[in-house]
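The block underneath contains the structure these notes are about, expressed in structure tokens.
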Number of protein chains: 2
Amino acid sequence: MTASGLGQSVRFTRGSYLFRQHDPAQQLYHIETGLVRLALLTPRGRLITLRLVLPGDYCGEDVLCSQHYRHHAEALTGSSVVALDPARLPAREVLALARSIGTQLRRAMDHEVSLQSGDLRLRVVRYLLELADTPLGAEDPHDRLYVRATHELLAEGSGSTRESVSKAITELRDAGLIETGYRHITLVDLAGLQALLTRQDRQEEQP
Amino acid sequence: MTASGLGQSVRFTRGSYLFRQHDPAQQLYHIETGLVRLALLTPRGRLITLRLVLPGDYCGEDVLCSQHYRHHAEALTGSSVVALDPARLPAREVLALARSIGTQLRRAMDHEVSLQSGDLRLRVVRYLLELADTPLGAEDPHDRLYVRATHELLAEGSGSTRESVSKAITELRDAGLIETGYRHITLVDLAGLQALLTRQDRQEEQP
């Protein structure tokens with residue numbers, strides 16, 4: 001049994017899949033530790049991150065209303081996961097499920113709003129700060145926050161291309177707000193990054 | 001009691017609010033008939049449609065995880081709604097709640113994908129077809145499908161401005177795909193509109 005008491009957990013290594021788009025939907029998944037991202041592969045092969053699933057969250061809710069999963073679920077870090085038969089979910093847990101899905105719906109709506117911000121640089125900043133609060137965020141030996149993310153991951157989660165993200169990252173680095181390294185980005189001026197977003201709330205543009 | 005058997009329903013007229021952004025979150029709402037849209041007013045006064053709530057759906061799920069509603073809930077048509085205390089929700093209904101929120105999360109993720117389509121004209125077409133399947137859609141005396149929507153409503157739901165939507169609507173009208181009238185748009189060539197979207201799935205561009 002796991003910390004959540006829901007059952008036996010299974011360990012997924014980084015880059016492995018809990019389920020894939022078009023797989024038969026048979027189980028709900030409760031994330032105990034780690035980070036899972038749900039992503040859709042479009043007909044032309046573009047990968048779009050739909051949402052991130054955090055420890056304590058459920059995913060695989062397609063099982064409640066359809067025959068197949070409509071997206072991939074990929075472990076972005078090593079993750080402990082409990083697979084559950086929705087028909088055997090304890091009654092007290094169904095409300096926790098509704099609450100988790102409700103919280104994720106809220107985050108999805110926040111993401112909708114962010115996607116409608118015209119400025120890609122700010123979308124990237126917002127996504128970096130979001131990732132910093134997940135298991136992809138950590139502190140270096142100098143207590144500076146960093147995020148383990150590639151430009152590709154940032155592009156897939158912010159409605160952009162890798163090329164545009166690289167340009168935005170270079171601008172943020174030149175402004176002294178971040179430092180970049182192999183597969184990670186250090187947020188050297190956290191207050192400065194947050195100020196960019198606050199300023200945008202005031203200036204907000206119409207696309 | 002209503003068709004759903006959940007309790008006494010209240011009638012909301014078109015344009016009235018079930019709740020407003022920042023109101024204390026106290027109740028869940030089950031939509032019996034009609035159409036409700038959840039929309040966020042940004043700090044600069046821009047209104048963004050977050051999602052549409054259809055008959056049989058729940059909204060107000062903020063009550064499960066926070067003190068205040070984070071968006072408006074506006075009746076887009078006359079709507080019958082049952083307000084519920086989440087603590088008194090019958091056990092069998094909690095799973096229905098999770099399923100409804102899960103279905104709406106799926107639609108929100110579809111909307112995320114649509115917002116990442118670069119072509120506004122296609123976003124407008126996709127939104128028109130979505131609205132046609134809600135109580136805003138109806139058939140005229142010639143059995144042609146029409147949608148009761150203003151350009152403003154289309155802009156708020158497709159990540160654009162009224163001016164850009166008006167331009168897209170004019171193009172679709174000039175192409176013979178739609179006809180426009182006072183507060184409504186007739187889908188005169190439904191197959192042609194659907195073909196536009198299918199074609200885009202094949203051609204799909206990177207923004």
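Here, A, B, ... name the chains of the structure tokens in the order displayed, residue numbers run from 1 inside each chain, and ligands are numbered from 1 in the same displayed order.
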Dump as a Markdown table the rows for residues of chain B within 6 Å of chain A: closest atom pair and distance in Å with one decimal, only C-alpha atoms counted, ordered by chain and rising residue number.
| residue | atom | partner | partner_atom | distance |
| --- | --- | --- | --- | --- |
| B:Leu50 | CA | A:Met109 | CA | 5.8 |
| B:Glu61 | CA | A:Gly102 | CA | 5.9 |
| B:Leu64 | CA | A:Arg99 | CA | 5.8 |
| B:Ala98 | CA | A:Ala98 | CA | 4.2 |
| B:Arg99 | CA | A:Leu64 | CA | 5.7 |
| B:Gly102 | CA | A:Glu61 | CA | 5.9 |
| B:Leu105 | CA | A:Leu105 | CA | 5.1 |
| B:Met109 | CA | A:Leu50 | CA | 5.8 |
| B:Glu112 | CA | A:Glu112 | CA | 5.8 |
| B:Gln116 | CA | A:Gly159 | CA | 5.6 |
| B:Gly159 | CA | A:Gln116 | CA | 5.7 |
Could you turn the residues from that selection into a file that holds N, CA and C atoms, as a tab-separated table (two decimals), in the first residue's frame?
chain	number	residue	atom	x	y	z
B	50	LEU	N	-14.27	30.63	-21.07
B	50	LEU	CA	-13.45	29.50	-20.62
B	50	LEU	C	-14.05	28.18	-21.06
B	61	GLU	N	-17.59	24.09	-9.80
B	61	GLU	CA	-16.72	23.13	-9.10
B	61	GLU	C	-15.64	23.82	-8.28
B	64	LEU	N	-15.44	23.01	-4.64
B	64	LEU	CA	-14.75	21.82	-4.12
B	64	LEU	C	-13.34	22.14	-3.63
B	98	ALA	N	-18.08	13.65	-11.09
B	98	ALA	CA	-16.71	13.41	-11.58
B	98	ALA	C	-16.73	13.20	-13.09
B	99	ARG	N	-17.74	12.46	-13.58
B	99	ARG	CA	-17.83	12.19	-15.01
B	99	ARG	C	-18.09	13.48	-15.80
B	102	GLY	N	-15.01	15.53	-15.80
B	102	GLY	CA	-14.04	14.88	-16.69
B	102	GLY	C	-14.34	15.17	-18.15
B	105	LEU	N	-13.38	18.69	-18.85
B	105	LEU	CA	-11.93	18.81	-18.92
B	105	LEU	C	-11.46	18.39	-20.31
B	109	MET	N	-9.50	20.68	-23.04
B	109	MET	CA	-8.23	20.32	-23.68
B	109	MET	C	-8.37	20.40	-25.21
B	112	GLU	N	-7.92	23.96	-25.98
B	112	GLU	CA	-6.49	24.31	-25.96
B	112	GLU	C	-5.86	24.02	-27.32
B	116	GLN	N	-4.40	26.67	-30.47
B	116	GLN	CA	-3.05	26.61	-31.01
B	116	GLN	C	-3.05	26.43	-32.52
B	159	GLY	N	-10.50	33.24	-28.93
B	159	GLY	CA	-9.20	33.87	-28.71
B	159	GLY	C	-8.90	34.96	-29.71
Polymer residues at most 10 Å from Arg144 of chain B, only C-alpha atoms, same-chain spacing of 5 or more positions, as a list of chain:residue names: B:Ala138, B:Glu139, B:Thr186, B:Leu187, B:Val188, B:Asp189, B:Leu190
Could you find all residues in chain A that DSSP calls strand (DSSP E or B) from the backbone, and write them as number ranges by chain? A: 10-12, 17-19, 24, 28-33, 36-41, 47-53, 58-59, 68, 72-75, 79-84, 137-139, 145-147, 179-181, 184-186
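Atom CA of Gly15 of chain B is found 22.7 Å from atom CA of Glu163 of chain B.
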